[in-house]
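Okay, so here's the structure we're looking at.
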Amino acid sequence: MLHHAKQLAGGRAMDGAKPDVLEVSGRALVGPTSVLYPDVQALSPAVAVPRLTQSEGYRALANWPLAHEGAVLGCVACYYDAPRTLSAPEQEAFQALSEEAAFALNNVRAREAQMLRAADLEVLFEVTRRLRTARNPREIYPILVEHAMELLHADTGVLSLLDDERPEFECVFAVGLPPEVRGSTLPFSGSPFERVAQTGTTFHTSNFGGDPLPIWLNGLRAVGPAVIAPVRSEQATIGVFCLGRKRGSDVAPFTEKEARLLEGIAEIGGNAIRRARLFENLEQSYIQMVVSLARTMDARDTYTSGHSERISQWAEGVARELGCGEGEIQDIRWGALLHDIGKIGVPDAILRKPSQLTGQEWVIMRKHPVIGEEILVPIGRMRGVAGLVRHHQEMWDGSGYPDGLKGEEIPLGARILSVCDAYSAITDDRPYKKARTHLEAVTELRRCAGTQFDPRVVEAFCTIIERQQEREKAGQRPQ
């Protein structure tokens with residue numbers, strides 16, 4: 001208002017005077033006391049107010065501070081072209097107006113601050129919620145970077161983690177930089193990244209690319225405003241989180257509030273990365289143990305040597321033939337390797353019996369899919385695989401076990417494993433029967449399509465197994 005307004009009712013607005021240097025009667029307005037001057041030209045020439053009248057042309061001045069609980073929030077000032085003495089009712093009215101305005105202004109500021117705090121908490125809650133869905137550290141990195149960039153209106157985001165053994169950073173995720181930057185290692189010394197990692201203190205600048213930088217940070221020379229926050233795991237700093245905006249005269253630097261918000265996101269991210277690393281290490285150890293058990297199961301029967309590996313290759317080929325996504329293919333691959341792990345609960349006398357099983361022995365044998373599921377369920381990464389292991393003995397017509405699922409109720413991966421396992425059972429030597437030929441096995445699969453097997457899976461399997469046969473024949477031809 002002071003800069004733009006020219007006229008007020010009954011008076012004139014100051015134009016050009018800066019409120020931060022304005023003094024009244026030789027002193028700054030520091031208390032909740034009104035200042036009234038009927039004619040400023042009657043004041044001493046030593047104070048600033050009369051000099052302002054020469055350019056502004058006002059004669060009378062009245063200031064009422066906007067004071068709330070002893071703190072001055074602002075000032076209401078009235079200027080008149082001619083000398084004027086405010087009456088007592090006018091003074092009371094202005095005083096009441098100032099008190100109400102100060103009370104309202106304080107309430108609005110408090111509400112605004114509360115809303116900002118609530119918005120910050122909502123942001124941190126959303127980041128935390130999304131991080132809970134991440135299954136490993138690699139899924140955490142894009143969540144942190146992309147969410148922080150969107151929130152703080154950044155053009156560049158770089159998450160770099162410290163190497164445990166060498167004084168280097170690894171750029172684990174980057175947006176707004178050349179693709180080759182991701183996954184690269186960067187020297188530890190000679191940069192703001194080092195200062196942040198060593199001190200644990202957030203760094204921000206209005207011209208990152210314009211400051212002296214080591215050559216390995218050339219990719220960031222186009223960055224103007226930047227903020228770098230430490231990524232902590234409990235008390236240790238495990239990396240740094242950098243956001244930047246493109247250089248330009250109209251680009252705003254990051255505010256203190258934005259820097260604090262990035263610190264909060266980096267803190268949450270650091271703890272999430274640590275937990276994910278611990279969980280991943282524990283999960284990998286468990287998976288290695290389970291895979292060892294599965295191989296032990298193969299070794300219990302001489303006929304099953306390499307059985308699970310062969311089924312894994314066929315199952316992956318069928319899954320790709322049917323257009324499955326990479327995540328589903330990975331589960332099917334694991335399911336093939338581990339589908340018989342539940343047989344660890346089946347006695348050798350039944351598992352290696354050279355003749356047909358009795359009814360009671362079949363009851364025990366049919367428990368192995370459920371046992372296999374129970375072994376795998378504790379591993380978060382293997383929960384989808386556990387379902388395939390449980391249902392790989394289900395049949396298309398609903399006559400399988402353990403749950404009697406029918407048709408599309410059976411997971412696709414389990415239907416694939418069923419066909420691959422059946423082909424292996426037909427073409428392998430068993431204690432109670434001799435192996436049959438490839439042609440006999442394919443004929444049997446097609447005969448049982450629509451009853452025991454999913455017809456679509458059978459055709460896909462026959463396609464990939466025929467390709468394999470052709471490649472093997474071609475490899476046997478003399479050169």
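Ligands are numbered from 1 in the order shown, residues from 1 within each chain, and chains are lettered A, B, ... in the order they appear in the structure tokens.
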(message) If we count only C-alpha atoms and set the cut-off at 10 Å, which residues sit around Glu444 (chain A), ignoring sequence neighbours fewer than 5 positions away in its own chain? Please answer as JSON, numbers by chain.
(response) {"A": [422, 423, 426, 438, 439, 449]}
Mind dumping the selected residues with C-alpha atoms as a CSV table (one decimal), in the first residue's frame?
```csv
chain,number,residue,atom,x,y,z
A,422,ALA,CA,4.1,-83.2,-15.5
A,423,TYR,CA,6.4,-83.2,-18.6
A,426,ILE,CA,6.8,-88.4,-17.8
A,438,HIS,CA,9.3,-86.6,-25.7
A,439,LEU,CA,6.6,-87.4,-28.2
A,449,ALA,CA,-5.6,-80.4,-21.7
```
(request) Fewer than 6 positions away in the same chain doesn't count, so skip those; otherwise give me all residues within 12 Å of Ala252 (chain A), counting only C-alpha atoms, as a VMD selection string. (result) chain A and resid 152 to 154 205 to 207 224 to 226 244 to 246 258
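Each of A:Arg232, A:Arg366, A:Arg447, A:Arg471 was compared to Tyr401 (chain A) using only C-alpha atoms, and A:Arg366 turns out to be the nearest.
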(message) So, with only C-alpha atoms as the atoms that count, which of A:Arg436, A:Arg260, A:Arg135, A:Arg166 lies closest to Phe203 (chain A)?
(response) A:Arg260
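Near Met149 (chain A), within a cut-off of 10 Å and counting only C-alpha atoms, sit the residues Leu144, Val145, His153, Ala154, Asp155, Thr156, Gly157, Val158, Val175, Cys242, Leu243, Gly244, Arg245 and Leu262 of chain A, with same-chain residues fewer than 4 positions away left out.
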